[in-house]
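Visitor: This is the content of structure32.csv (CSV, C-alpha atoms and all ligand atoms):
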chain,number,residue,atom,x,y,z
A,1,MET,CA,75.5,86.3,28.8
A,2,PRO,CA,73.4,84.4,26.3
A,3,THR,CA,74.4,81.0,25.1
A,4,TYR,CA,75.5,80.8,21.4
A,5,GLU,CA,76.4,77.9,19.2
A,6,LEU,CA,79.4,78.6,17.0
A,7,ALA,CA,79.5,76.2,14.1
A,8,LEU,CA,83.0,76.0,12.6
A,9,MET,CA,84.3,74.3,9.5
A,10,LEU,CA,88.1,73.9,9.6
A,11,ARG,CA,90.3,73.0,6.7
A,12,THR,CA,91.9,69.6,6.3
A,13,MET,CA,95.0,69.4,8.4
A,14,PRO,CA,96.9,66.9,10.5
A,15,LYS,CA,95.8,66.3,14.1
A,16,ALA,CA,98.5,68.3,15.8
A,17,GLU,CA,97.7,71.4,13.7
A,18,LEU,CA,94.0,70.9,14.4
A,19,LYS,CA,94.7,70.9,18.1
A,20,THR,CA,96.6,74.3,17.9
A,21,THR,CA,93.8,75.7,15.8
A,22,LEU,CA,91.1,74.7,18.3
A,23,LYS,CA,93.2,76.2,21.1
A,24,ARG,CA,93.6,79.4,19.2
A,25,VAL,CA,89.8,79.6,18.6
A,26,SER,CA,89.1,79.0,22.3
A,27,HIS,CA,91.7,81.5,23.4
A,28,HIS,CA,89.9,84.2,21.4
A,29,ILE,CA,86.7,83.4,23.2
A,30,PHE,CA,88.4,83.4,26.7
A,31,SER,CA,90.3,86.7,26.0
A,32,ARG,CA,87.0,88.4,25.4
A,33,GLY,CA,85.4,87.3,28.6
A,34,GLY,CA,83.5,84.3,27.3
A,35,ILE,CA,83.3,80.8,28.5
A,36,ILE,CA,83.0,77.5,26.6
A,37,ARG,CA,80.2,75.1,27.7
A,38,ASN,CA,80.8,72.3,25.3
A,39,ILE,CA,82.8,71.4,22.2
A,40,GLU,CA,81.3,68.9,19.8
A,41,ASN,CA,83.2,67.2,17.0
A,42,LEU,CA,81.0,66.3,14.1
A,43,GLY,CA,83.9,64.7,12.3
A,44,PHE,CA,85.8,65.1,9.1
A,45,ARG,CA,83.7,64.7,6.0
A,46,ALA,CA,83.0,65.9,2.5
A,47,MET,CA,81.1,69.1,2.3
A,48,PRO,CA,77.8,69.0,0.4
A,49,TYR,CA,79.1,71.9,-1.8
A,50,LYS,CA,82.6,73.2,-2.5
A,51,THR,CA,83.6,76.3,-0.7
A,52,SER,CA,86.3,78.7,-1.5
A,53,ALA,CA,88.0,80.5,1.4
A,54,HIS,CA,91.2,82.5,1.5
A,55,GLY,CA,91.9,81.7,-2.1
A,56,VAL,CA,91.6,77.9,-1.8
A,57,VAL,CA,88.7,75.7,-2.8
A,58,HIS,CA,87.7,73.2,-0.1
A,59,ARG,CA,85.7,70.1,-0.6
A,60,GLU,CA,86.2,68.5,2.8
A,61,ALA,CA,86.1,70.0,6.2
A,62,ASN,CA,86.4,69.2,9.9
A,63,TYR,CA,83.1,70.1,11.6
A,64,PHE,CA,83.1,71.5,15.1
A,65,VAL,CA,80.4,73.1,17.2
A,66,PHE,CA,81.3,75.2,20.2
A,67,LYS,CA,78.7,76.0,22.7
A,68,ILE,CA,79.8,79.3,24.2
A,69,ASP,CA,78.6,82.0,26.6
A,70,THR,CA,79.7,85.4,25.6
A,71,PRO,CA,78.5,89.0,25.9
A,72,THR,CA,76.4,89.9,22.8
A,73,ARG,CA,78.6,92.8,21.7
A,74,VAL,CA,81.6,90.4,21.5
A,75,VAL,CA,80.0,88.2,18.9
A,76,ALA,CA,80.7,90.5,15.9
A,77,ASP,CA,84.3,90.9,17.1
A,78,LEU,CA,84.7,87.1,17.2
A,79,LYS,CA,83.2,86.7,13.8
A,80,GLU,CA,85.6,89.2,12.4
A,81,GLU,CA,88.5,87.5,14.1
A,82,TYR,CA,87.6,84.1,12.7
A,83,GLY,CA,86.9,85.5,9.3
A,84,ARG,CA,90.6,86.4,9.1
A,85,ASP,CA,91.7,83.0,10.3
A,86,VAL,CA,93.1,81.0,7.3
A,87,ASP,CA,92.3,77.6,8.9
A,88,ILE,CA,88.5,78.4,9.2
A,89,ILE,CA,86.6,77.8,6.0
A,90,ARG,CA,83.2,78.9,7.3
A,91,GLN,CA,81.7,79.9,10.5
A,92,ARG,CA,78.1,80.5,11.7
A,93,VAL,CA,76.8,81.7,15.1
A,94,TYR,CA,73.4,80.8,16.2
A,95,LYS,CA,71.6,81.4,19.4
A,96,ALA,CA,71.2,78.1,21.4
A,97,THR,CA,67.6,77.0,21.4
A,98,GLU,CA,66.0,75.5,24.5
A,99,GLU,CA,63.8,72.5,24.5
A,100,THR,CA,60.2,73.7,24.2
A,101,ASN,CA,57.3,71.4,25.0
A,102,THR,CA,54.2,72.7,23.3
A,103,ASN,CA,51.1,70.7,22.8
A,104,CYS,CA,50.4,69.3,19.4
A,105,THR,CA,47.8,71.3,17.5
A,106,LEU,CA,47.5,68.9,14.6
A,107,GLU,CA,44.0,67.8,15.6
A,108,LYS,CA,42.8,71.4,15.5
A,109,GLU,CA,44.5,72.1,12.2
A,110,LEU,CA,42.8,69.1,10.5
A,111,LEU,CA,39.3,70.4,11.3
A,112,PRO,CA,37.1,71.6,8.5
A,113,PRO,CA,37.8,75.3,7.7
A,114,ALA,CA,34.7,76.6,9.3
A,115,TYR,CA,35.8,75.2,12.7
A,116,ARG,CA,39.3,76.5,12.5
A,117,LYS,CA,40.0,79.6,14.7
A,118,GLU,CA,42.2,81.4,12.2
A,119,VAL,CA,39.5,81.0,9.5
A,120,GLN,CA,36.9,82.3,11.8
A,121,ASN,CA,39.1,85.3,12.6
A,122,MET,CA,39.6,85.9,8.9
A,123,ILE,CA,35.9,85.9,8.2
A,124,GLU,CA,35.3,88.3,11.1
A,125,GLU,CA,38.0,90.6,9.7
A,126,GLY,CA,36.5,90.4,6.3
A,127,LYS,CA,33.2,91.6,7.6
A,128,THR,CA,34.7,94.9,8.7
A,129,GLN,CA,36.1,95.6,5.2
A,130,VAL,CA,34.2,96.9,2.2
A,131,ASN,CA,33.5,94.1,-0.2
A,132,LYS,CA,34.7,95.5,-3.5
A,133,PHE,CA,32.9,92.8,-5.5
A,134,THR,CA,29.4,93.7,-4.2
A,135,TYR,CA,30.0,97.4,-3.4
A,136,LYS,CA,27.8,99.7,-5.5
A,137,PHE,CA,28.1,103.4,-5.8
A,138,ASN,CA,25.1,105.3,-4.4
A,139,TYR,CA,23.9,108.0,-6.7
A,140,ASN,CA,22.3,109.9,-3.8
A,141,SER,CA,25.7,110.8,-2.3
A,142,GLY,CA,25.4,114.5,-2.6
A,143,LEU,CA,27.3,114.8,-5.8
A,144,ASP,CA,25.4,116.0,-8.9
A,145,TYR,CA,27.7,113.9,-11.2
A,146,TYR,CA,29.1,110.4,-11.3
A,147,PRO,CA,32.7,110.8,-10.1
A,148,PHE,CA,34.2,107.7,-11.8
A,149,GLN,CA,34.7,106.8,-15.4
A,150,LYS,CA,31.9,104.8,-16.9
B,1,MET,CA,4.3,19.3,43.1
B,2,ALA,CA,5.6,18.4,39.7
B,3,LEU,CA,3.3,20.9,38.1
B,4,LEU,CA,4.6,23.6,40.3
B,5,LYS,CA,8.2,22.6,39.4
B,6,THR,CA,7.5,22.8,35.6
B,7,ILE,CA,5.8,26.1,36.0
B,8,LEU,CA,8.7,27.5,38.0
B,9,THR,CA,11.3,26.3,35.5
B,10,ARG,CA,9.2,27.5,32.5
B,11,HIS,CA,8.9,30.8,34.3
B,12,PHE,CA,12.6,31.1,34.8
B,13,LEU,CA,13.5,29.9,31.4
B,14,TYR,CA,11.1,31.9,29.3
B,15,THR,CA,10.9,35.2,31.0
B,16,PRO,CA,12.7,37.7,28.8
B,17,ARG,CA,14.0,39.7,31.7
B,18,ILE,CA,15.7,37.9,34.5
B,19,VAL,CA,16.3,40.3,37.3
B,20,PRO,CA,19.1,39.1,39.4
B,21,THR,CA,18.7,39.6,43.1
B,22,ILE,CA,21.1,42.3,44.1
B,23,THR,CA,22.0,42.8,47.7
B,24,ARG,CA,22.6,46.5,48.2
B,25,PHE,CA,23.0,48.3,51.4
B,26,THR,CA,20.5,50.9,50.8
B,27,SER,CA,17.7,52.0,52.9
B,28,THR,CA,15.1,52.5,50.1
B,29,GLU,CA,14.8,49.4,47.9
B,30,SER,CA,12.3,51.0,45.5
B,31,ASN,CA,14.7,53.7,44.5
B,32,VAL,CA,17.3,51.3,43.4
B,33,VAL,CA,15.0,49.4,41.2
B,34,ALA,CA,13.8,52.6,39.5
B,35,ASP,CA,17.5,53.5,38.7
B,36,GLU,CA,18.2,50.2,37.0
B,37,ASP,CA,17.2,51.3,33.5
B,38,ALA,CA,18.2,54.9,33.8
B,39,PRO,CA,21.0,56.2,31.6
B,40,VAL,CA,24.4,56.0,33.2
B,41,ASP,CA,26.6,59.0,33.4
B,42,MET,CA,29.8,58.1,31.6
B,43,GLN,CA,32.5,59.3,29.1
B,44,ASN,CA,31.7,59.1,25.4
B,45,PRO,CA,33.0,55.6,24.5
B,46,PHE,CA,33.3,56.5,20.8
B,47,LYS,CA,35.6,59.5,21.4
B,48,LYS,CA,38.6,59.2,19.2
B,49,GLU,CA,42.1,59.6,20.4
B,50,GLN,CA,43.8,62.9,19.8
B,51,ARG,CA,46.1,62.6,16.7
B,52,GLN,CA,49.6,63.9,17.1
B,53,CYS,CA,52.3,64.6,14.6
B,54,ILE,CA,55.3,62.3,14.6
B,55,LEU,CA,57.7,64.8,16.2
B,56,CYS,CA,55.3,65.6,19.0
B,57,GLN,CA,54.6,62.0,19.6
B,58,LEU,CA,58.3,61.1,20.0
B,59,LYS,CA,59.0,64.4,21.7
B,60,ILE,CA,61.7,65.4,19.3
B,61,THR,CA,62.8,69.0,18.9
B,62,PRO,CA,64.5,69.4,15.4
B,63,ASP,CA,68.1,70.5,15.6
B,64,TYR,CA,70.3,71.6,12.8
B,65,LYS,CA,73.1,69.3,14.0
B,66,ASN,CA,70.9,66.3,13.4
B,67,TYR,CA,70.9,66.7,9.7
B,68,ARG,CA,70.1,63.1,9.1
B,69,LEU,CA,66.7,63.5,10.6
B,70,LEU,CA,66.2,66.8,8.7
B,71,SER,CA,67.1,65.2,5.4
B,72,GLN,CA,64.0,63.0,5.8
B,73,PHE,CA,61.9,66.1,5.2
B,74,GLN,CA,63.7,66.9,2.0
B,75,SER,CA,62.8,65.8,-1.5
B,76,PRO,CA,65.4,63.3,-2.9
B,77,TYR,CA,64.9,64.8,-6.4
B,78,SER,CA,65.2,68.5,-5.8
B,79,GLY,CA,66.3,68.9,-2.2
B,80,ARG,CA,63.3,71.1,-1.5
B,81,ILE,CA,61.6,71.0,1.9
B,82,TYR,CA,58.2,69.2,1.8
B,83,GLY,CA,55.2,71.2,2.9
B,84,ARG,CA,53.0,70.7,5.9
B,85,HIS,CA,50.3,68.9,3.8
B,86,ILE,CA,52.9,66.2,2.9
B,87,THR,CA,54.9,65.9,6.1
B,88,GLY,CA,51.8,65.9,8.3
B,89,LEU,CA,53.5,67.9,11.0
B,90,CYS,CA,51.8,70.5,13.2
B,91,LYS,CA,52.4,74.1,12.4
B,92,THR,CA,55.0,74.8,15.1
B,93,LYS,CA,57.0,71.7,14.3
B,94,GLN,CA,56.9,72.3,10.6
B,95,LEU,CA,58.2,75.9,11.1
B,96,GLN,CA,61.0,74.6,13.4
B,97,VAL,CA,62.0,71.9,10.8
B,98,GLU,CA,62.1,74.4,8.0
B,99,ALA,CA,64.2,76.9,10.1
B,100,GLU,CA,66.6,74.1,11.2
B,101,ILE,CA,67.0,72.8,7.6
B,102,ARG,CA,67.9,76.4,6.5
B,103,LYS,CA,70.5,76.6,9.2
B,104,ALA,CA,71.9,73.2,8.4
B,105,GLN,CA,72.2,74.1,4.7
B,106,ASN,CA,73.9,77.3,5.6
B,107,CYS,CA,76.4,75.5,7.9
B,108,ALA,CA,77.2,73.1,5.0
B,109,TYR,CA,75.8,70.1,6.9
B,110,MET,CA,73.2,69.5,4.3
B,111,PRO,CA,73.0,70.2,0.5
B,112,TYR,CA,70.6,72.6,-1.0
B,113,PHE,CA,69.6,71.0,-4.3
B,114,TYR,CA,69.8,67.2,-3.6
B,115,LYS,CA,69.6,64.8,-0.7
B,116,ASP,CA,72.7,63.1,0.6
B,117,LYS,CA,73.0,59.8,-1.2
B,118,THR,CA,73.9,57.9,2.0
B,119,PHE,CA,70.5,58.9,3.5
B,120,LEU,CA,68.4,57.9,0.5
B,121,LYS,CA,67.5,54.5,2.0
B,122,ASP,CA,66.4,56.0,5.3
B,123,PRO,CA,62.9,54.9,6.5
B,124,LYS,CA,60.1,57.1,5.1
B,125,LEU,CA,58.2,59.2,7.7
B,126,PHE,CA,55.4,60.0,5.3
B,127,ASP,CA,54.3,59.3,1.7
B,128,PRO,CA,54.9,62.3,-0.6
B,129,GLU,CA,52.5,60.7,-3.1
B,130,ASN,CA,49.5,60.8,-0.7
B,131,PRO,CA,49.4,64.3,0.8
B,132,ILE,CA,46.7,65.4,3.2
B,133,ARG,CA,45.6,68.1,0.7
B,134,SER,CA,46.1,68.0,-3.0
B,135,HIS,CA,48.9,70.2,-4.4
B,136,ARG,CA,50.2,71.2,-7.8
B,137,PHE,CA,53.7,69.7,-7.5
C,201,ZN,ZN,52.8,68.4,16.6
What do you get writing this file as structure tokens?
Ligand SMILES: [Zn+2]
Guide:
Amino acid sequence: MPTYELALMLRTMPKAELKTTLKRVSHHIFSRGGIIRNIENLGFRAMPYKTSAHGVVHREANYFVFKIDTPTRVVADLKEEYGRDVDIIRQRVYKATEETNTNCTLEKELLPPAYRKEVQNMIEEGKTQVNKFTYKFNYNSGLDYYPFQK
Amino acid sequence: MALLKTILTRHFLYTPRIVPTITRFTSTESNVVADEDAPVDMQNPFKKEQRQCILCQLKITPDYKNYRLLSQFQSPYSGRIYGRHITGLCKTKQLQVEAEIRKAQNCAYMPYFYKDKTFLKDPKLFDPENPIRSHRF
């Protein structure tokens, strides 16, 4: 089961209602054989743009991020379920990213073009192509006429 | 005796090269003397330090939930993402930042066409007026 991040925006509502909504959301995950690793509350704040959902325009939202493990085929089902939920304004599912430690290649990228690997590859590739600017038609090609318009 | 003394002092004072007596535990004394002026095998002392982009330096992986950091790579006038020649990031980090900004905007954490006004006074990570390469914007 891969790890997903479910970003939810819930409509403005009192705390008790919010609690029941969160419970409902989690039960949908559990009933489909998923587990919740973590729930993050990013707080209640104004949205950067207004969003209309279920016939109402929302300008503020409660932001929550669920870190969940579910089978992949369940994700579409969950999205459909939450899409019908009136308390959820907007929902996005992303694959959780792991920390990657790659070496910085900035020094190599700041080299003059001739020393950069990708430029060298590009020049090599260009050598295998026909240069259409310097290409000249050979008259001794076996044809007794010039095949192109003059 | 006095003459000898003056000669000695003069000799020691005015000789351009004063070879200090080195006590080394080597069997062949002549070899050591020959090596004295030979070039020494060492690392290039003028080698510059490897430059790193700011995110690699601080070992930060951009994340869409950290929209405050991401908004620093956004233009305050148009909300557009600054390019690599302005941010000075390496290729991988720049791609990650762009992807995460897209995600954050899609999740309604971050606006598309402006920068959140509470983040306008955040410290500048780079100077958009002085890009590495010239650009037409
Ligand atoms: Zn880097």
Visitor: Counting only C-alpha atoms, I want the residues whose atoms come within 12 Å of (42.2, 69.2, 11.1) in the file frame, returned as an mmCIF file with C-alpha atoms, in the coordinates of the input.
Guide:
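part-v5.cif written:
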data_model
loop_
_atom_site.group_PDB
_atom_site.id
_atom_site.type_symbol
_atom_site.label_atom_id
_atom_site.label_comp_id
_atom_site.auth_asym_id
_atom_site.auth_seq_id
_atom_site.Cartn_x
_atom_site.Cartn_y
_atom_site.Cartn_z
ATOM 1 C CA CYS A 104 50.400 69.300 19.400
ATOM 2 C CA THR A 105 47.800 71.300 17.500
ATOM 3 C CA LEU A 106 47.500 68.900 14.600
ATOM 4 C CA GLU A 107 44.000 67.800 15.600
ATOM 5 C CA LYS A 108 42.800 71.400 15.500
ATOM 6 C CA GLU A 109 44.500 72.100 12.200
ATOM 7 C CA LEU A 110 42.800 69.100 10.500
ATOM 8 C CA LEU A 111 39.300 70.400 11.300
ATOM 9 C CA PRO A 112 37.100 71.600 8.500
ATOM 10 C CA PRO A 113 37.800 75.300 7.700
ATOM 11 C CA ALA A 114 34.700 76.600 9.300
ATOM 12 C CA TYR A 115 35.800 75.200 12.700
ATOM 13 C CA ARG A 116 39.300 76.500 12.500
ATOM 14 C CA LYS A 117 40.000 79.600 14.700
ATOM 15 C CA GLN B 50 43.800 62.900 19.800
ATOM 16 C CA ARG B 51 46.100 62.600 16.700
ATOM 17 C CA GLN B 52 49.600 63.900 17.100
ATOM 18 C CA CYS B 53 52.300 64.600 14.600
ATOM 19 C CA HIS B 85 50.300 68.900 3.800
ATOM 20 C CA GLY B 88 51.800 65.900 8.300
ATOM 21 C CA LEU B 89 53.500 67.900 11.000
ATOM 22 C CA CYS B 90 51.800 70.500 13.200
ATOM 23 C CA LYS B 91 52.400 74.100 12.400
ATOM 24 C CA ILE B 132 46.700 65.400 3.200
ATOM 25 C CA ARG B 133 45.600 68.100 0.700
#
Visitor: At most 12 Å from (61.7, 71.0, -6.1), file frame, only C-alpha atoms: which residues, as number ranges by chain?
Guide: B: 74-83, 112-115, 136-137
Visitor: So how far away is atom CA of A:Lys19 from atom CA of A:Leu42, in Å?
Guide: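 Answer for the atom CA of A:Leu42 to atom CA of A:Lys19 separation: 15.0 Å.
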Visitor: Should the cut-off be 9 Å, what would the residue list for chain A against chain B look like, counting all atoms listed in the file, as a PyMOL selection string?
Guide: chain A and resi 7-9+42+47-49+63+65+90-92+94+97+99-107+109
Visitor: In Å, with one decimal, what is the gap from atom CA of A:Thr12 to atom CA of A:Gly33?
Guide: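 Going from atom CA of A:Thr12 over to atom CA of A:Gly33, I get 29.2 Å.
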Visitor: For atom CA of A:Phe44 and atom CA of A:Glu60, quote the distance in Å rounded to one decimal.
Guide: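 Taking atom CA of A:Phe44 as the start and atom CA of A:Glu60 as the end point, the length is 7.2 Å.
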Visitor: For a quick check of understanding, using all atoms listed in the file, which of B:Gln72, B:Gln43, B:Thr87, B:Gln94 has the smallest distance to B:Pro123?
Guide: B:Gln72
Visitor: Restricting the calculation to only C-alpha atoms and all ligand atoms, which member of B:Arg84, B:Lys121, B:Arg102, B:Pro131 is positioned closest to ligand ZN 201 (chain C)?
Guide: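 Using only C-alpha atoms and all ligand atoms, the shortest distance to ligand ZN 201 (chain C) belongs to B:Arg84.
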Visitor: Any idea what's packed within 12 Å of A:Ser31, counting only C-alpha atoms, ignoring anything in its chain fewer than 6 positions away? Could you give it as a PyMOL selection string?
Guide: chain A and resi 23-25+70+74+77-78
Visitor: Excluding same-chain residues fewer than 6 positions from A:Ile36, what lies within 9 Å of it counting all atoms listed in the file, as a list in words?
Guide: Ser26, Ile29, Phe30, Phe66, Lys67, Ile68, Asp69 and Thr70 of chain A
Visitor: If we count all atoms listed in the file, what is near A:Met13 at a cut-off of 9 Å, once residues fewer than 3 positions away on the same chain are taken out, given as JSON, numbers by chain?
Guide: {"A": [10, 16, 17, 18, 62, 87]}
Visitor: Leaving out A:Thr72 and any residue of its chain fewer than 4 positions from it, which residues lie within 10 Å of it when counting all atoms listed in the file, given as a ChimeraX atom specification?
Guide: /A:1-4,76-77
